[in-house]
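Novice: Data: work_24.cif, mmCIF, N, CA and C atoms.
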```cif
data_final
#
loop_
_atom_site.label_atom_id
_atom_site.label_comp_id
_atom_site.auth_asym_id
_atom_site.auth_seq_id
_atom_site.Cartn_x
_atom_site.Cartn_y
_atom_site.Cartn_z
N MET B 69 -140.08 73.06 -26.68
CA MET B 69 -139.86 73.46 -25.30
C MET B 69 -140.84 72.68 -24.41
N THR B 70 -140.36 72.07 -23.37
CA THR B 70 -141.22 71.29 -22.49
C THR B 70 -141.76 72.15 -21.36
N LYS B 71 -142.97 71.83 -20.95
CA LYS B 71 -143.62 72.56 -19.86
C LYS B 71 -143.12 71.99 -18.53
N GLU B 72 -142.62 72.86 -17.67
CA GLU B 72 -142.12 72.43 -16.37
C GLU B 72 -143.29 72.02 -15.47
N LYS B 73 -143.15 70.91 -14.77
CA LYS B 73 -144.21 70.42 -13.89
C LYS B 73 -143.89 70.79 -12.45
N TYR B 74 -144.87 71.34 -11.78
CA TYR B 74 -144.73 71.71 -10.38
C TYR B 74 -145.57 70.76 -9.54
N ARG B 75 -145.15 70.55 -8.29
CA ARG B 75 -145.83 69.61 -7.41
C ARG B 75 -146.28 70.29 -6.14
N CYS B 76 -147.33 69.75 -5.54
CA CYS B 76 -147.88 70.26 -4.29
C CYS B 76 -146.88 70.03 -3.15
N THR B 77 -146.71 71.03 -2.33
CA THR B 77 -145.79 70.95 -1.20
C THR B 77 -146.23 69.89 -0.19
N TRP B 78 -147.54 69.71 -0.02
CA TRP B 78 -148.05 68.78 0.99
C TRP B 78 -148.17 67.34 0.48
N CYS B 79 -148.92 67.13 -0.60
CA CYS B 79 -149.22 65.77 -1.05
C CYS B 79 -148.35 65.29 -2.21
N ASP B 80 -147.54 66.17 -2.77
CA ASP B 80 -146.65 65.88 -3.88
C ASP B 80 -147.39 65.58 -5.19
N GLY B 81 -148.69 65.91 -5.23
CA GLY B 81 -149.45 65.75 -6.47
C GLY B 81 -149.08 66.83 -7.47
N GLU B 82 -149.25 66.51 -8.74
CA GLU B 82 -148.94 67.48 -9.78
C GLU B 82 -149.95 68.63 -9.74
N LEU B 83 -149.47 69.86 -9.85
CA LEU B 83 -150.35 71.03 -9.84
C LEU B 83 -151.04 71.16 -11.19
N ASP B 84 -152.32 71.49 -11.15
CA ASP B 84 -153.14 71.62 -12.36
C ASP B 84 -153.75 73.03 -12.38
N GLU B 85 -153.36 73.81 -13.37
CA GLU B 85 -153.85 75.19 -13.46
C GLU B 85 -155.37 75.24 -13.56
N ASP B 86 -155.98 74.26 -14.17
CA ASP B 86 -157.44 74.24 -14.33
C ASP B 86 -158.16 74.02 -13.01
N GLU B 87 -157.52 73.35 -12.07
CA GLU B 87 -158.12 73.07 -10.76
C GLU B 87 -157.82 74.17 -9.74
N GLY B 88 -156.90 75.04 -10.04
CA GLY B 88 -156.50 76.11 -9.12
C GLY B 88 -155.22 75.76 -8.40
N ILE B 89 -154.44 76.76 -8.10
CA ILE B 89 -153.18 76.59 -7.39
C ILE B 89 -153.20 77.57 -6.22
N PHE B 90 -152.79 77.11 -5.07
CA PHE B 90 -152.84 77.92 -3.85
C PHE B 90 -151.41 78.14 -3.35
N MET B 91 -151.19 79.29 -2.69
CA MET B 91 -149.85 79.64 -2.21
C MET B 91 -149.95 80.17 -0.78
N ASP B 92 -148.98 79.80 0.05
CA ASP B 92 -148.95 80.33 1.41
C ASP B 92 -148.05 81.56 1.47
N SER B 93 -147.88 82.11 2.66
CA SER B 93 -147.10 83.34 2.82
C SER B 93 -145.60 83.13 2.58
N LYS B 94 -145.16 81.87 2.54
CA LYS B 94 -143.75 81.57 2.24
C LYS B 94 -143.57 81.18 0.77
N HIS B 95 -144.59 81.40 -0.04
CA HIS B 95 -144.59 81.16 -1.48
C HIS B 95 -144.47 79.68 -1.85
N ARG B 96 -144.94 78.80 -0.96
CA ARG B 96 -145.00 77.38 -1.28
C ARG B 96 -146.33 77.11 -1.99
N LEU B 97 -146.32 76.22 -2.97
CA LEU B 97 -147.50 75.96 -3.80
C LEU B 97 -148.23 74.70 -3.35
N TYR B 98 -149.58 74.73 -3.47
CA TYR B 98 -150.44 73.63 -3.06
C TYR B 98 -151.49 73.39 -4.13
N CYS B 99 -151.98 72.13 -4.21
CA CYS B 99 -152.98 71.78 -5.22
C CYS B 99 -154.41 72.04 -4.75
N SER B 100 -154.62 72.24 -3.45
CA SER B 100 -155.99 72.46 -2.95
C SER B 100 -155.95 73.25 -1.64
N LYS B 101 -157.11 73.75 -1.26
CA LYS B 101 -157.23 74.44 0.03
C LYS B 101 -156.94 73.48 1.17
N ASP B 102 -157.36 72.22 1.01
CA ASP B 102 -157.13 71.23 2.06
C ASP B 102 -155.64 71.02 2.32
N CYS B 103 -154.86 70.89 1.26
CA CYS B 103 -153.41 70.71 1.42
C CYS B 103 -152.78 71.96 2.05
N LEU B 104 -153.23 73.12 1.63
CA LEU B 104 -152.72 74.37 2.20
C LEU B 104 -152.99 74.42 3.70
N LEU B 105 -154.19 74.04 4.11
CA LEU B 105 -154.56 74.06 5.52
C LEU B 105 -153.81 73.01 6.33
N GLU B 106 -153.60 71.83 5.75
CA GLU B 106 -152.90 70.76 6.46
C GLU B 106 -151.51 71.19 6.91
N LEU B 107 -150.78 71.82 6.01
CA LEU B 107 -149.40 72.19 6.33
C LEU B 107 -149.31 73.48 7.14
N ASN B 108 -150.30 74.33 7.03
CA ASN B 108 -150.22 75.65 7.65
C ASN B 108 -151.20 75.85 8.80
N SER B 109 -151.51 74.78 9.50
CA SER B 109 -152.42 74.92 10.64
C SER B 109 -151.83 74.24 11.87
N GLU B 110 -152.16 74.78 12.98
CA GLU B 110 -151.76 74.22 14.26
C GLU B 110 -153.00 74.15 15.14
N ILE B 111 -153.02 73.17 16.01
CA ILE B 111 -154.13 73.02 16.94
C ILE B 111 -153.64 73.31 18.34
N PHE B 112 -154.34 74.18 19.02
CA PHE B 112 -153.99 74.55 20.39
C PHE B 112 -155.15 74.17 21.30
N LEU B 113 -154.80 73.68 22.48
CA LEU B 113 -155.82 73.25 23.42
C LEU B 113 -156.35 74.39 24.27
N ASP B 114 -155.60 75.49 24.33
CA ASP B 114 -156.12 76.64 25.07
C ASP B 114 -155.65 77.94 24.44
N LEU B 115 -156.33 79.00 24.76
CA LEU B 115 -156.08 80.31 24.16
C LEU B 115 -154.68 80.83 24.49
N GLU B 116 -154.21 80.60 25.70
CA GLU B 116 -152.89 81.10 26.09
C GLU B 116 -151.79 80.51 25.21
N ASP B 117 -151.85 79.22 24.92
CA ASP B 117 -150.86 78.60 24.04
C ASP B 117 -150.91 79.20 22.64
N ALA B 118 -152.10 79.44 22.13
CA ALA B 118 -152.26 80.02 20.80
C ALA B 118 -151.69 81.44 20.74
N ILE B 119 -151.95 82.22 21.76
CA ILE B 119 -151.43 83.60 21.81
C ILE B 119 -149.91 83.59 21.89
N ASN B 120 -149.35 82.73 22.72
CA ASN B 120 -147.89 82.64 22.84
C ASN B 120 -147.26 82.22 21.52
N ALA B 121 -147.85 81.29 20.83
CA ALA B 121 -147.32 80.82 19.55
C ALA B 121 -147.38 81.94 18.51
N SER B 122 -148.43 82.74 18.53
CA SER B 122 -148.54 83.82 17.55
C SER B 122 -147.49 84.91 17.80
N LYS B 123 -147.10 85.09 19.04
CA LYS B 123 -146.05 86.06 19.36
C LYS B 123 -144.67 85.58 18.92
N GLU B 124 -144.47 84.27 18.94
CA GLU B 124 -143.19 83.69 18.54
C GLU B 124 -143.00 83.70 17.03
N GLY B 125 -144.12 83.52 16.30
CA GLY B 125 -144.05 83.36 14.84
C GLY B 125 -144.04 84.62 14.11
#
```
As a first step, turn the structure in this file into structure tokens.

Specialist:
Amino acid sequence: MTKEKYRCTWCDGELDEDEGIFMDSKHRLYCSKDCLLELNSEIFLDLEDAINASKEG
């Protein structure tokens, strides 16, 4: 039986159980905290934009 290989959602690198695997709230898998943050972060220039975006999401 072959072991199924999973890949990082952000960088497409192979996931390694020994290095840790990270998951977001939509159950997507990532190889590192950095990749998780890259795909799941937004930058807002002011507080009002950030608050409006949080209400939409």

Novice: I'd like the interatomic distance between atom CA of Leu97 of chain B and atom CA of Glu110 of chain B, to a tenth of an Å.

Specialist: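 Distance between the two atoms: 18.6 Å.
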
Novice: Just say which residues the PyMOL selection byres (((chain B and resi 102-108 and name CA) around 10) and name CA) picks in this file, as a CSV table (one decimal) with N, CA and C atoms, in the frame of the given file.

Specialist:
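So selection14.csv came out as:
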```csv
chain,number,residue,atom,x,y,z
B,76,CYS,N,-147.3,69.8,-5.5
B,76,CYS,CA,-147.9,70.3,-4.3
B,76,CYS,C,-146.9,70.0,-3.2
B,77,THR,N,-146.7,71.0,-2.3
B,77,THR,CA,-145.8,71.0,-1.2
B,77,THR,C,-146.2,69.9,-0.2
B,78,TRP,N,-147.5,69.7,0.0
B,78,TRP,CA,-148.0,68.8,1.0
B,78,TRP,C,-148.2,67.3,0.5
B,79,CYS,N,-148.9,67.1,-0.6
B,79,CYS,CA,-149.2,65.8,-1.0
B,79,CYS,C,-148.4,65.3,-2.2
B,80,ASP,N,-147.5,66.2,-2.8
B,80,ASP,CA,-146.6,65.9,-3.9
B,80,ASP,C,-147.4,65.6,-5.2
B,89,ILE,N,-154.4,76.8,-8.1
B,89,ILE,CA,-153.2,76.6,-7.4
B,89,ILE,C,-153.2,77.6,-6.2
B,90,PHE,N,-152.8,77.1,-5.1
B,90,PHE,CA,-152.8,77.9,-3.8
B,90,PHE,C,-151.4,78.1,-3.4
B,91,MET,N,-151.2,79.3,-2.7
B,91,MET,CA,-149.8,79.6,-2.2
B,91,MET,C,-150.0,80.2,-0.8
B,92,ASP,N,-149.0,79.8,0.0
B,92,ASP,CA,-149.0,80.3,1.4
B,92,ASP,C,-148.0,81.6,1.5
B,93,SER,N,-147.9,82.1,2.7
B,93,SER,CA,-147.1,83.3,2.8
B,93,SER,C,-145.6,83.1,2.6
B,96,ARG,N,-144.9,78.8,-1.0
B,96,ARG,CA,-145.0,77.4,-1.3
B,96,ARG,C,-146.3,77.1,-2.0
B,97,LEU,N,-146.3,76.2,-3.0
B,97,LEU,CA,-147.5,76.0,-3.8
B,97,LEU,C,-148.2,74.7,-3.4
B,98,TYR,N,-149.6,74.7,-3.5
B,98,TYR,CA,-150.4,73.6,-3.1
B,98,TYR,C,-151.5,73.4,-4.1
B,99,CYS,N,-152.0,72.1,-4.2
B,99,CYS,CA,-153.0,71.8,-5.2
B,99,CYS,C,-154.4,72.0,-4.8
B,100,SER,N,-154.6,72.2,-3.4
B,100,SER,CA,-156.0,72.5,-3.0
B,100,SER,C,-156.0,73.2,-1.6
B,101,LYS,N,-157.1,73.8,-1.3
B,101,LYS,CA,-157.2,74.4,0.0
B,101,LYS,C,-156.9,73.5,1.2
B,109,SER,N,-151.5,74.8,9.5
B,109,SER,CA,-152.4,74.9,10.6
B,109,SER,C,-151.8,74.2,11.9
B,110,GLU,N,-152.2,74.8,13.0
B,110,GLU,CA,-151.8,74.2,14.3
B,110,GLU,C,-153.0,74.2,15.1
```

Novice: Got a sec to tell me which of chain B DSSP assigns to helix (DSSP H, G or I), as a VMD selection string?

Specialist: chain B and resid 101 to 107 115 to 124

Novice: Atom CA of Lys73 of chain B and atom CA of Lys94 of chain B are how many Å apart?

Specialist: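 It comes out at 19.6 Å.
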
Novice: Running DSSP on the backbone, which parts of chain B land in strand (DSSP E or B), as an MDAnalysis selection string?

Specialist: chainID B and resid 75 82 90:91 97:98

Novice: Taking N, CA and C atoms for each residue, export the selection above as a PDB file, keeping the file's coordinate frame.

Specialist:
```pdb
ATOM      1  N   ARG B  75    -145.150  70.550  -8.290  1.00  0.00           N
ATOM      2  CA  ARG B  75    -145.830  69.610  -7.410  1.00  0.00           C
ATOM      3  C   ARG B  75    -146.280  70.290  -6.140  1.00  0.00           C
ATOM      4  N   GLU B  82    -149.250  66.510  -8.740  1.00  0.00           N
ATOM      5  CA  GLU B  82    -148.940  67.480  -9.780  1.00  0.00           C
ATOM      6  C   GLU B  82    -149.950  68.630  -9.740  1.00  0.00           C
ATOM      7  N   PHE B  90    -152.790  77.110  -5.070  1.00  0.00           N
ATOM      8  CA  PHE B  90    -152.840  77.920  -3.850  1.00  0.00           C
ATOM      9  C   PHE B  90    -151.410  78.140  -3.350  1.00  0.00           C
ATOM     10  N   MET B  91    -151.190  79.290  -2.690  1.00  0.00           N
ATOM     11  CA  MET B  91    -149.850  79.640  -2.210  1.00  0.00           C
ATOM     12  C   MET B  91    -149.950  80.170  -0.780  1.00  0.00           C
ATOM     13  N   LEU B  97    -146.320  76.220  -2.970  1.00  0.00           N
ATOM     14  CA  LEU B  97    -147.500  75.960  -3.800  1.00  0.00           C
ATOM     15  C   LEU B  97    -148.230  74.700  -3.350  1.00  0.00           C
ATOM     16  N   TYR B  98    -149.580  74.730  -3.470  1.00  0.00           N
ATOM     17  CA  TYR B  98    -150.440  73.630  -3.060  1.00  0.00           C
ATOM     18  C   TYR B  98    -151.490  73.390  -4.130  1.00  0.00           C
TER      19      TYR B  98
END
```

Novice: One decimal, Å: what's the distance from atom N of Asn120 of chain B over to atom N of His95 of chain B, could you say?

Specialist: 23.3 Å
